[in-house]
Amino acid sequence: MVKEKPNSTRMYDEDGFRRRAACICVRTDQETEVLLVSSSRRPDKWIVPGGGVEPDEEPPATATREVLEEAGVLGRLGRCLGVFENCEHKHRTEVYVMMVTEELAEWEDSRQMGRKRQWFSIDDALAQLALHKPIQRHYIQQLRRSRTSPTSPT
């Protein structure tokens, strides 16, 4: 299902949930630091970069596009951490891990709205997200769990 909104087209799944995608950006294979961006609504608070899936776009492409727009980073998209449901706002977000390979000096949201980005330890990111976007803490917790869980043989 498609719904038009000024400056964007919102995509919905068969259950009426808005389709979103996001990235947990990491610097190293150890995944001990993650990149958060300042919120567009509350610039003093931090969030995970992500946004709505556009028509004819797959969630991995959405995640990559949103990270470039909001955080000004490029990288290699890795594993999917899962689909996280927010019943209060009625959206489902597919979350990926991205290994950052380049940080741009300027990017779309830094120019247009003064958005900032900052690297946080896992514990500090969890604390920051608890202040403004507690549901996004689940993304980081899943990153930590998936990092420490043994891989199954193929």
# chains A, B, ... in the order shown; residues from 1 in each chain; ligands from 1

call {"tool": "residues_around", "arguments": {"residues": "range 14-30 of chain A", "least_positions_apart": "4", "cutoff": "6 Å", "atoms": "only C-alpha atoms", "output": "list in words"}}
result
Val34, Leu35, Pro49, Gly50, Gly51, Gly52, Val53, Pro59, Thr62, Ala63, Lys90, His91, Arg92, Thr93, Glu94, Val95, Tyr96, Val97, Met98, Met99 and Val100 of chain A

call {"tool": "closest_atom_pairs", "arguments": {"of": "range 20-53 of chain A", "to": "range 125-148 of chain A", "cutoff": "7 Å", "atoms": "only C-alpha atoms", "output": "tab-separated table"}}
result
residue	atom	partner	partner_atom	distance
A:Lys45	CA	A:His132	CA	6.2
A:Trp46	CA	A:Gln128	CA	6.2
A:Ile47	CA	A:Leu129	CA	6.3
A:Val48	CA	A:Gln136	CA	7.0

call {"tool": "write_last_selection", "arguments": {"atoms": "all heavy atoms", "output": "short mmCIF file (atom, residue, chain, number, x, y, z; two decimals), in the first residue's frame"}}
result
data_model
loop_
_atom_site.label_atom_id
_atom_site.label_comp_id
_atom_site.auth_asym_id
_atom_site.auth_seq_id
_atom_site.Cartn_x
_atom_site.Cartn_y
_atom_site.Cartn_z
N LYS A 45 19.07 15.20 21.16
CA LYS A 45 18.91 13.76 21.40
C LYS A 45 19.47 12.99 20.21
O LYS A 45 19.57 13.49 19.10
CB LYS A 45 17.43 13.40 21.58
CG LYS A 45 16.74 14.15 22.70
CD LYS A 45 17.28 13.82 24.06
CE LYS A 45 16.50 14.55 25.14
NZ LYS A 45 17.17 14.58 26.39
N TRP A 46 19.82 11.72 20.46
CA TRP A 46 20.48 10.88 19.45
C TRP A 46 19.58 9.73 19.03
O TRP A 46 18.85 9.18 19.85
CB TRP A 46 21.80 10.36 20.01
CG TRP A 46 22.75 11.46 20.31
CD1 TRP A 46 22.94 12.08 21.52
CD2 TRP A 46 23.61 12.14 19.40
NE1 TRP A 46 23.86 13.08 21.40
CE2 TRP A 46 24.30 13.14 20.11
CE3 TRP A 46 23.87 11.99 18.03
CZ2 TRP A 46 25.23 13.99 19.51
CZ3 TRP A 46 24.81 12.82 17.43
CH2 TRP A 46 25.48 13.80 18.17
N ILE A 47 19.68 9.35 17.73
CA ILE A 47 18.88 8.28 17.16
C ILE A 47 19.72 7.44 16.21
O ILE A 47 20.80 7.85 15.79
CB ILE A 47 17.64 8.82 16.42
CG1 ILE A 47 18.06 9.71 15.23
CG2 ILE A 47 16.72 9.59 17.37
CD1 ILE A 47 16.92 10.11 14.30
N VAL A 48 19.18 6.28 15.85
CA VAL A 48 19.78 5.42 14.82
C VAL A 48 19.31 5.94 13.46
O VAL A 48 18.12 6.19 13.28
CB VAL A 48 19.33 3.96 15.03
CG1 VAL A 48 19.78 3.08 13.86
CG2 VAL A 48 19.85 3.42 16.35
#

call {"tool": "select_by_dssp", "arguments": {"residues": "range 54-96 of chain A", "states": "strand (DSSP E or B)", "output": "list in words"}}
result
Val73, Leu74, Gly75, Arg76, Leu77, Gly78, Arg79, Cys80, Leu81, Gly82, Val83, Phe84, Glu85, Asn86, His91, Arg92, Thr93, Glu94, Val95 and Tyr96 of chain A

call {"tool": "closest_residue", "arguments": {"among": "A:Leu36, A:Leu68, A:Leu81, A:Met11", "to": "Ser121 in chain A", "atoms": "only C-alpha atoms"}}
result
A:Leu36

call {"tool": "atom_distance", "arguments": {"atom1": "CA of Glu31 in chain A", "atom2": "CA of Ile122 in chain A"}}
result
8.4 Å

call {"tool": "select_by_dssp", "arguments": {"residues": "chain A", "states": "alpha helix (DSSP H)", "output": "PyMOL selection string"}}
result
chain A and resi 59-71+108-113+122-132+137-148

call {"tool": "decode", "arguments": {"residues": "range 3-121 of chain A", "atoms": "C-alpha atoms", "output": "compact mmCIF listing (two decimals), in the first residue's frame"}}
result
# COMPACT_ATOMS: atom_id res chain seq x y z
CA LYS A 3 0.27 6.75 0.86
CA GLU A 4 1.36 10.19 -0.31
CA LYS A 5 2.68 12.74 2.17
CA PRO A 6 4.28 16.11 1.34
CA ASN A 7 7.87 15.44 0.15
CA SER A 8 7.58 11.67 0.59
CA THR A 9 5.66 8.55 -0.29
CA ARG A 10 5.03 6.17 2.57
CA MET A 11 4.92 2.44 1.95
CA TYR A 12 2.85 0.11 4.13
CA ASP A 13 2.86 -3.66 4.51
CA GLU A 14 -0.17 -5.95 4.34
CA ASP A 15 -0.89 -5.32 8.06
CA GLY A 16 -0.95 -1.53 7.64
CA PHE A 17 2.48 -0.96 9.24
CA ARG A 18 4.76 1.65 7.69
CA ARG A 19 7.83 -0.01 6.13
CA ARG A 20 11.16 1.39 7.32
CA ALA A 21 14.83 0.43 7.23
CA ALA A 22 17.81 1.50 9.34
CA CYS A 23 21.50 0.78 9.86
CA ILE A 24 23.59 0.20 12.91
CA CYS A 25 26.86 1.69 11.65
CA VAL A 26 30.07 0.24 13.09
CA ARG A 27 33.76 1.13 12.62
CA THR A 28 35.41 -2.23 13.17
CA ASP A 29 34.69 -5.96 13.08
CA GLN A 30 34.63 -5.88 16.89
CA GLU A 31 31.44 -3.76 16.71
CA THR A 32 32.26 -1.95 19.96
CA GLU A 33 31.19 1.50 18.70
CA VAL A 34 28.08 2.61 16.83
CA LEU A 35 27.22 5.82 15.01
CA LEU A 36 24.17 7.81 16.08
CA VAL A 37 22.76 10.99 14.54
CA SER A 38 21.02 13.93 16.14
CA SER A 39 17.24 13.80 15.95
CA SER A 40 15.56 16.14 13.47
CA ARG A 41 12.82 16.88 16.03
CA ARG A 42 15.06 17.07 19.11
CA PRO A 43 18.63 18.07 18.04
CA ASP A 44 19.93 17.46 21.58
CA LYS A 45 18.91 13.76 21.40
CA TRP A 46 20.48 10.88 19.45
CA ILE A 47 18.88 8.28 17.16
CA VAL A 48 19.78 5.42 14.82
CA PRO A 49 19.79 6.61 11.18
CA GLY A 50 16.92 5.21 9.15
CA GLY A 51 13.70 6.04 7.35
CA GLY A 52 10.83 4.98 5.14
CA VAL A 53 11.03 2.54 2.27
CA GLU A 54 10.16 4.25 -1.01
CA PRO A 55 8.18 2.71 -3.90
CA ASP A 56 10.21 0.17 -5.92
CA GLU A 57 12.96 0.20 -3.25
CA GLU A 58 14.10 -2.77 -1.23
CA PRO A 59 14.93 -2.33 2.49
CA PRO A 60 18.72 -2.78 2.05
CA ALA A 61 18.73 0.09 -0.47
CA THR A 62 16.60 2.20 1.90
CA ALA A 63 19.00 1.58 4.77
CA THR A 64 22.02 2.57 2.65
CA ARG A 65 20.28 5.70 1.29
CA GLU A 66 19.07 6.84 4.70
CA VAL A 67 22.50 6.45 6.29
CA LEU A 68 24.07 8.53 3.54
CA GLU A 69 21.39 11.26 3.86
CA GLU A 70 21.23 11.36 7.66
CA ALA A 71 24.77 10.41 8.76
CA GLY A 72 26.91 11.15 5.71
CA VAL A 73 28.62 7.78 5.71
CA LEU A 74 29.27 5.08 3.13
CA GLY A 75 30.11 1.48 3.81
CA ARG A 76 29.49 -2.21 3.31
CA LEU A 77 26.06 -3.47 4.25
CA GLY A 78 26.27 -6.61 6.36
CA ARG A 79 23.85 -8.86 8.15
CA CYS A 80 20.22 -8.08 8.85
CA LEU A 81 19.52 -7.89 12.59
CA GLY A 82 15.81 -8.44 12.07
CA VAL A 83 12.54 -6.59 11.68
CA PHE A 84 11.56 -4.52 14.71
CA GLU A 85 7.94 -3.60 15.28
CA ASN A 86 6.76 -0.38 16.89
CA CYS A 87 3.07 -0.85 17.67
CA GLU A 88 2.66 2.66 19.10
CA HIS A 89 3.72 4.35 15.83
CA LYS A 90 2.63 1.39 13.70
CA HIS A 91 5.83 0.81 11.77
CA ARG A 92 8.21 -2.08 11.14
CA THR A 93 11.89 -1.39 10.65
CA GLU A 94 14.31 -3.79 8.97
CA VAL A 95 17.71 -3.16 10.59
CA TYR A 96 21.11 -3.91 9.05
CA VAL A 97 24.70 -3.65 10.19
CA MET A 98 26.95 -1.41 8.08
CA MET A 99 30.74 -1.35 8.27
CA VAL A 100 31.57 2.30 7.65
CA THR A 101 34.34 2.84 5.10
CA GLU A 102 33.99 6.60 4.54
CA GLU A 103 32.72 9.58 6.53
CA LEU A 104 31.86 12.60 4.38
CA ALA A 105 32.83 16.06 5.65
CA GLU A 106 29.40 17.41 4.62
CA TRP A 107 26.19 15.61 3.78
CA GLU A 108 22.57 16.39 2.93
CA ASP A 109 21.13 16.61 6.48
CA SER A 110 24.20 18.40 7.89
CA ARG A 111 23.71 21.18 5.33
CA GLN A 112 19.90 21.34 5.43
CA MET A 113 19.20 20.94 9.14
CA GLY A 114 22.53 20.97 10.95
CA ARG A 115 22.30 17.26 11.80
CA LYS A 116 25.30 15.88 13.67
CA ARG A 117 26.76 12.41 13.96
CA GLN A 118 28.79 10.90 16.78
CA TRP A 119 30.39 7.56 17.63
CA PHE A 120 29.30 5.97 20.91
CA SER A 121 30.34 2.87 22.82
